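Colleague: Here's a structure for you.
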Amino acid sequence: MSMNIFRLCGDMSHVFSIIVLLLRLRVARNAQGISLRTHELFLLVFLTRYTDLFTTYYSLYNSVMKVLYIATTASIVYAIRFQEPICSTYDKAQDTFRHWEFAVLPCAFFAFVTHLMSGGGIFSFIDWQELLWTFSIWLESVAIMPQLIVLQRFRDVENLTGNYIFFMGLYRALYIVNWVYRAYNEPGYRHHYVVYFCGVLQTLLYADFFYYYFMSKRKGGRFSLPTQSK
């Protein structure tokens, strides 16, 4: 993947979002309002996407970013699961989205179908790498759902938590611009419609959050989500 300003800004937004969350866990020393399940999904995304980490070298930047994403996401999962006092403040009762049944399994199915439809096989190591990569694209598109549900239940959102989710959404929005830029400026650019669909889906999931985030910033008040009518 070639580098351009939109991809670079997207990557930096992604990295910054992770740094903000790690800072929030370290400063607040609690996991209130944070979804463990979202970060378990993101960890699975990175582990299945970067199976080529030790087999194919693209650039130092590429390798460093892959290791950074895996290591930092694993550290977030570890902190919420095992590190005191953070793990004691994690509210399982609010983080109830059944991510294995309603995210992992459906994404595995769609990945398998779209992989075969695109002409992929299942008999070689390269085939399985491509299948896992496709799975990671599908899974990333919905990985934020448990976190958004937790926010809706807590309603009042801490500034660092809100900023973390904002930069995660911004990262994906910038990657959409990156794809458009590459399509018009990169000779021989190969379109990948699963990536496009999943990227747009992922960005749309943030739309409601973005609206209330910008409204709270404009008013200068505490960021909160509206109560759902019953």
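Starting from 1 in every chain, residues are counted up; chains themselves are A, B, ... following the order of the structure tokens, and ligands are numbered from 1 as listed.
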What lies within 10 Å of Ala74 in chain A using only C-alpha atoms, ignoring chain neighbours under 3 positions off, as a list in words?
Modeller: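 Listed by chain and then number, they are His39, Glu40, Phe42, Leu43, Leu44, Phe46, Leu68, Tyr69, Ile70, Ala71, Val77, Tyr78 and Ala79 of chain A.
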Colleague: Now that the selection is made, can you save its residues with all heavy atoms as a JSON list (two decimals), in the first residue's frame?
Modeller:
```json
[["chain", "number", "residue", "atom", "x", "y", "z"],
["A", 39, "HIS", "N", -12.37, -4.47, 22.43],
["A", 39, "HIS", "CA", -10.91, -4.60, 22.28],
["A", 39, "HIS", "C", -10.48, -6.04, 22.07],
["A", 39, "HIS", "O", -9.45, -6.29, 21.42],
["A", 39, "HIS", "CB", -10.23, -3.95, 23.49],
["A", 39, "HIS", "CG", -10.45, -2.47, 23.53],
["A", 39, "HIS", "ND1", -11.49, -1.90, 24.23],
["A", 39, "HIS", "CD2", -9.82, -1.46, 22.87],
["A", 39, "HIS", "CE1", -11.48, -0.59, 24.02],
["A", 39, "HIS", "NE2", -10.49, -0.31, 23.21],
["A", 40, "GLU", "N", -11.26, -6.99, 22.53],
["A", 40, "GLU", "CA", -11.00, -8.38, 22.16],
["A", 40, "GLU", "C", -11.23, -8.57, 20.66],
["A", 40, "GLU", "O", -10.46, -9.28, 20.00],
["A", 40, "GLU", "CB", -11.90, -9.31, 22.96],
["A", 40, "GLU", "CG", -11.51, -9.42, 24.43],
["A", 40, "GLU", "CD", -12.45, -10.29, 25.24],
["A", 40, "GLU", "OE1", -13.61, -10.49, 24.80],
["A", 40, "GLU", "OE2", -12.05, -10.76, 26.31],
["A", 42, "PHE", "N", -10.94, -6.16, 18.35],
["A", 42, "PHE", "CA", -9.85, -5.48, 17.65],
["A", 42, "PHE", "C", -8.56, -6.30, 17.71],
["A", 42, "PHE", "O", -7.80, -6.35, 16.73],
["A", 42, "PHE", "CB", -9.61, -4.09, 18.23],
["A", 42, "PHE", "CG", -10.52, -3.04, 17.66],
["A", 42, "PHE", "CD1", -11.28, -2.23, 18.49],
["A", 42, "PHE", "CD2", -10.62, -2.85, 16.29],
["A", 42, "PHE", "CE1", -12.13, -1.26, 17.96],
["A", 42, "PHE", "CE2", -11.46, -1.88, 15.76],
["A", 42, "PHE", "CZ", -12.22, -1.08, 16.60],
["A", 43, "LEU", "N", -8.30, -6.95, 18.82],
["A", 43, "LEU", "CA", -7.11, -7.79, 18.91],
["A", 43, "LEU", "C", -7.20, -8.94, 17.91],
["A", 43, "LEU", "O", -6.22, -9.27, 17.23],
["A", 43, "LEU", "CB", -6.95, -8.34, 20.33],
["A", 43, "LEU", "CG", -5.72, -9.22, 20.58],
["A", 43, "LEU", "CD1", -4.43, -8.46, 20.25],
["A", 43, "LEU", "CD2", -5.69, -9.70, 22.02],
["A", 44, "LEU", "N", -8.39, -9.54, 17.79],
["A", 44, "LEU", "CA", -8.58, -10.60, 16.80],
["A", 44, "LEU", "C", -8.42, -10.06, 15.39],
["A", 44, "LEU", "O", -7.86, -10.74, 14.51],
["A", 44, "LEU", "CB", -9.96, -11.23, 16.99],
["A", 44, "LEU", "CG", -10.30, -12.44, 16.10],
["A", 44, "LEU", "CD1", -9.28, -13.56, 16.30],
["A", 44, "LEU", "CD2", -11.70, -12.94, 16.42],
["A", 46, "PHE", "N", -6.42, -7.62, 14.39],
["A", 46, "PHE", "CA", -5.00, -7.43, 14.08],
["A", 46, "PHE", "C", -4.25, -8.75, 13.96],
["A", 46, "PHE", "O", -3.37, -8.90, 13.11],
["A", 46, "PHE", "CB", -4.36, -6.55, 15.16],
["A", 46, "PHE", "CG", -4.95, -5.17, 15.24],
["A", 46, "PHE", "CD1", -5.21, -4.57, 16.47],
["A", 46, "PHE", "CD2", -5.27, -4.46, 14.09],
["A", 46, "PHE", "CE1", -5.77, -3.31, 16.55],
["A", 46, "PHE", "CE2", -5.82, -3.20, 14.16],
["A", 46, "PHE", "CZ", -6.08, -2.62, 15.39],
["A", 68, "LEU", "N", 2.90, -2.45, 16.75],
["A", 68, "LEU", "CA", 2.32, -1.46, 17.67],
["A", 68, "LEU", "C", 0.83, -1.74, 17.90],
["A", 68, "LEU", "O", 0.37, -1.74, 19.05],
["A", 68, "LEU", "CB", 2.50, -0.06, 17.10],
["A", 68, "LEU", "CG", 1.97, 1.10, 17.95],
["A", 68, "LEU", "CD1", 2.75, 1.20, 19.25],
["A", 68, "LEU", "CD2", 2.07, 2.41, 17.18],
["A", 69, "TYR", "N", 0.09, -2.01, 16.84],
["A", 69, "TYR", "CA", -1.34, -2.27, 16.98],
["A", 69, "TYR", "C", -1.61, -3.52, 17.81],
["A", 69, "TYR", "O", -2.47, -3.53, 18.70],
["A", 69, "TYR", "CB", -2.00, -2.42, 15.60],
["A", 69, "TYR", "CG", -2.09, -1.15, 14.80],
["A", 69, "TYR", "CD1", -2.01, -1.17, 13.41],
["A", 69, "TYR", "CD2", -2.27, 0.08, 15.42],
["A", 69, "TYR", "CE1", -2.11, 0.00, 12.66],
["A", 69, "TYR", "CE2", -2.37, 1.25, 14.69],
["A", 69, "TYR", "CZ", -2.28, 1.20, 13.31],
["A", 69, "TYR", "OH", -2.38, 2.36, 12.57],
["A", 70, "ILE", "N", -0.86, -4.58, 17.54],
["A", 70, "ILE", "CA", -1.06, -5.84, 18.28],
["A", 70, "ILE", "C", -0.68, -5.66, 19.74],
["A", 70, "ILE", "O", -1.43, -6.04, 20.65],
["A", 70, "ILE", "CB", -0.25, -6.97, 17.63],
["A", 70, "ILE", "CG1", -0.79, -7.31, 16.23],
["A", 70, "ILE", "CG2", -0.28, -8.23, 18.52],
["A", 70, "ILE", "CD1", 0.06, -8.29, 15.46],
["A", 71, "ALA", "N", 0.49, -5.08, 20.00],
["A", 71, "ALA", "CA", 1.00, -4.97, 21.37],
["A", 71, "ALA", "C", 0.13, -4.05, 22.23],
["A", 71, "ALA", "O", -0.21, -4.39, 23.37],
["A", 71, "ALA", "CB", 2.44, -4.46, 21.35],
["A", 77, "VAL", "N", -6.43, -5.14, 26.58],
["A", 77, "VAL", "CA", -7.21, -6.33, 26.99],
["A", 77, "VAL", "C", -6.67, -6.87, 28.31],
["A", 77, "VAL", "O", -7.45, -7.21, 29.22],
["A", 77, "VAL", "CB", -7.17, -7.40, 25.89],
["A", 77, "VAL", "CG1", -7.77, -8.72, 26.40],
["A", 77, "VAL", "CG2", -7.90, -6.93, 24.64],
["A", 78, "TYR", "N", -5.36, -6.95, 28.43],
["A", 78, "TYR", "CA", -4.75, -7.47, 29.66],
["A", 78, "TYR", "C", -5.10, -6.58, 30.85],
["A", 78, "TYR", "O", -5.46, -7.09, 31.93],
["A", 78, "TYR", "CB", -3.23, -7.54, 29.50],
["A", 78, "TYR", "CG", -2.53, -7.96, 30.77],
["A", 78, "TYR", "CD1", -2.41, -9.30, 31.12],
["A", 78, "TYR", "CD2", -1.98, -7.01, 31.65],
["A", 78, "TYR", "CE1", -1.79, -9.70, 32.29],
["A", 78, "TYR", "CE2", -1.36, -7.39, 32.82],
["A", 78, "TYR", "CZ", -1.27, -8.74, 33.13],
["A", 78, "TYR", "OH", -0.66, -9.11, 34.31],
["A", 79, "ALA", "N", -5.01, -5.28, 30.68],
["A", 79, "ALA", "CA", -5.29, -4.35, 31.79],
["A", 79, "ALA", "C", -6.73, -4.49, 32.27],
["A", 79, "ALA", "O", -6.99, -4.52, 33.48],
["A", 79, "ALA", "CB", -5.01, -2.92, 31.36]]
```
Colleague: Quick one: residues within 9 Å of Arg24 in chain A, only C-alpha atoms counted, chain neighbours fewer than 6 positions away excluded, as a PyMOL selection string?
Modeller: chain A and resi 30-31+160-161+164
Colleague: Using only C-alpha atoms, which of A:Ile80, A:Ser124, A:Phe102, A:Gln129 sits nearest Thr55 in chain A?
Modeller: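 Residue with the minimum atom-to-atom distance to Thr55 in chain A: A:Gln129.
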Colleague: Rounded to one decimal in Å, what is the spacing between CA of Ile122 in chain A and CA of Leu105 in chain A?
Modeller: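 Straight-line distance from CA of Ile122 in chain A to CA of Leu105 in chain A works out to 18.1 Å.
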Colleague: When you count only C-alpha atoms, which of these residues is closest to Glu158 in chain A: A:Thr48, A:Ser216, A:Asn4, A:Gln202?
Modeller: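 Closest residue, counting only C-alpha atoms: A:Ser216.
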Colleague: Can you list, as a PyMOL selection string, all residues belonging to range 56-209 of chain A that DSSP tags as helix (DSSP H, G or I)?
Modeller: chain A and resi 60-82+86-89+99-117+125-142+145-154+159-185+193-205+207-209
Colleague: Which residues, written as JSON, numbers by chain, have at least one atom at most 9 Å from Leu205 in chain A, with only C-alpha atoms counted and residues fewer than 6 positions away on the same chain left out?
Modeller: {"A": [141, 142, 144, 145, 148, 169]}
Colleague: Mind dumping a table of every range 123-159 of chain A residue within 8 Å of range 186-196 of chain A, with the nearest atom pair and its distance in Å to one decimal, using only C-alpha atoms, sorted by chain and rising number, as CSV?
Modeller:
```
residue,atom,partner,partner_atom,distance
A:Thr134,CA,A:Val194,CA,8.0
A:Ile137,CA,A:Val195,CA,6.5
A:Trp138,CA,A:Val194,CA,7.9
```
Colleague: Okay, now the selection with N, CA and C atoms, as a short mmCIF file (atom, residue, chain, number, x, y, z; two decimals), in the first residue's frame?
Modeller:
```
data_model
loop_
_atom_site.label_atom_id
_atom_site.label_comp_id
_atom_site.auth_asym_id
_atom_site.auth_seq_id
_atom_site.Cartn_x
_atom_site.Cartn_y
_atom_site.Cartn_z
N THR A 134 -9.42 -11.04 4.78
CA THR A 134 -10.79 -10.65 4.46
C THR A 134 -11.67 -10.69 5.71
N ILE A 137 -11.19 -7.62 7.80
CA ILE A 137 -11.86 -6.44 7.25
C ILE A 137 -13.32 -6.42 7.67
N TRP A 138 -14.00 -7.55 7.53
CA TRP A 138 -15.39 -7.64 7.96
C TRP A 138 -15.52 -7.38 9.46
#
```
Colleague: For a quick check of understanding, using only C-alpha atoms, which of A:Tyr181, A:Trp100, A:Phe167, A:Phe154 has the smallest distance to Ile34 in chain A?
Modeller: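 The answer is A:Phe154, which sits nearest to Ile34 in chain A.
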Colleague: Taking into account only C-alpha atoms, which residue in the set A:Thr96, A:Gln32, A:Ser17, A:Thr203 is nearest to Thr73 in chain A?
Modeller: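 Closest residue, counting only C-alpha atoms: A:Ser17.
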Colleague: Excluding Asp52 in chain A and any residue of its chain fewer than 5 positions from it, enumerate the residues within 10 Å of it, using only C-alpha atoms, and give them as a list in words.
Modeller: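 The neighbour list is Leu47, Tyr57, Tyr58, Ser63, Lys66, Ile126, Gln129, Glu130 and Trp133 of chain A.
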Colleague: Keeping only N, CA, C and O atoms, write those residues as a compact mmCIF listing (two decimals), in the first residue's frame.
Modeller:
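Generated output (out-v4.txt):
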```txt
# COMPACT_ATOMS: atom_id res chain seq x y z
N LEU A 47 -4.60 -9.72 14.80
CA LEU A 47 -3.92 -11.02 14.73
C LEU A 47 -4.22 -11.75 13.42
O LEU A 47 -3.35 -12.44 12.89
N TYR A 57 8.12 -8.75 4.18
CA TYR A 57 8.59 -7.43 4.61
C TYR A 57 8.22 -6.40 3.55
O TYR A 57 8.57 -6.54 2.38
N TYR A 58 7.48 -5.36 3.98
CA TYR A 58 7.09 -4.28 3.07
C TYR A 58 7.93 -3.04 3.34
O TYR A 58 8.47 -2.45 2.41
N SER A 63 5.96 -2.61 9.32
CA SER A 63 6.21 -3.60 10.36
C SER A 63 6.02 -3.01 11.76
O SER A 63 5.44 -3.65 12.64
N LYS A 66 2.29 -2.59 12.57
CA LYS A 66 1.63 -3.87 12.85
C LYS A 66 1.93 -4.32 14.29
O LYS A 66 1.02 -4.72 15.02
N ILE A 126 -1.13 -19.17 1.31
CA ILE A 126 -1.49 -17.84 0.82
C ILE A 126 -3.00 -17.67 0.79
O ILE A 126 -3.53 -16.61 1.15
N GLN A 129 -4.10 -16.99 4.28
CA GLN A 129 -3.73 -15.63 4.67
C GLN A 129 -4.73 -14.63 4.10
O GLN A 129 -5.16 -13.71 4.80
N GLU A 130 -5.10 -14.80 2.84
CA GLU A 130 -6.06 -13.88 2.21
C GLU A 130 -7.44 -14.01 2.84
O GLU A 130 -8.15 -13.01 3.02
N TRP A 133 -7.31 -12.29 6.17
CA TRP A 133 -7.27 -10.84 5.93
C TRP A 133 -8.68 -10.33 5.64
O TRP A 133 -9.11 -9.30 6.18
```
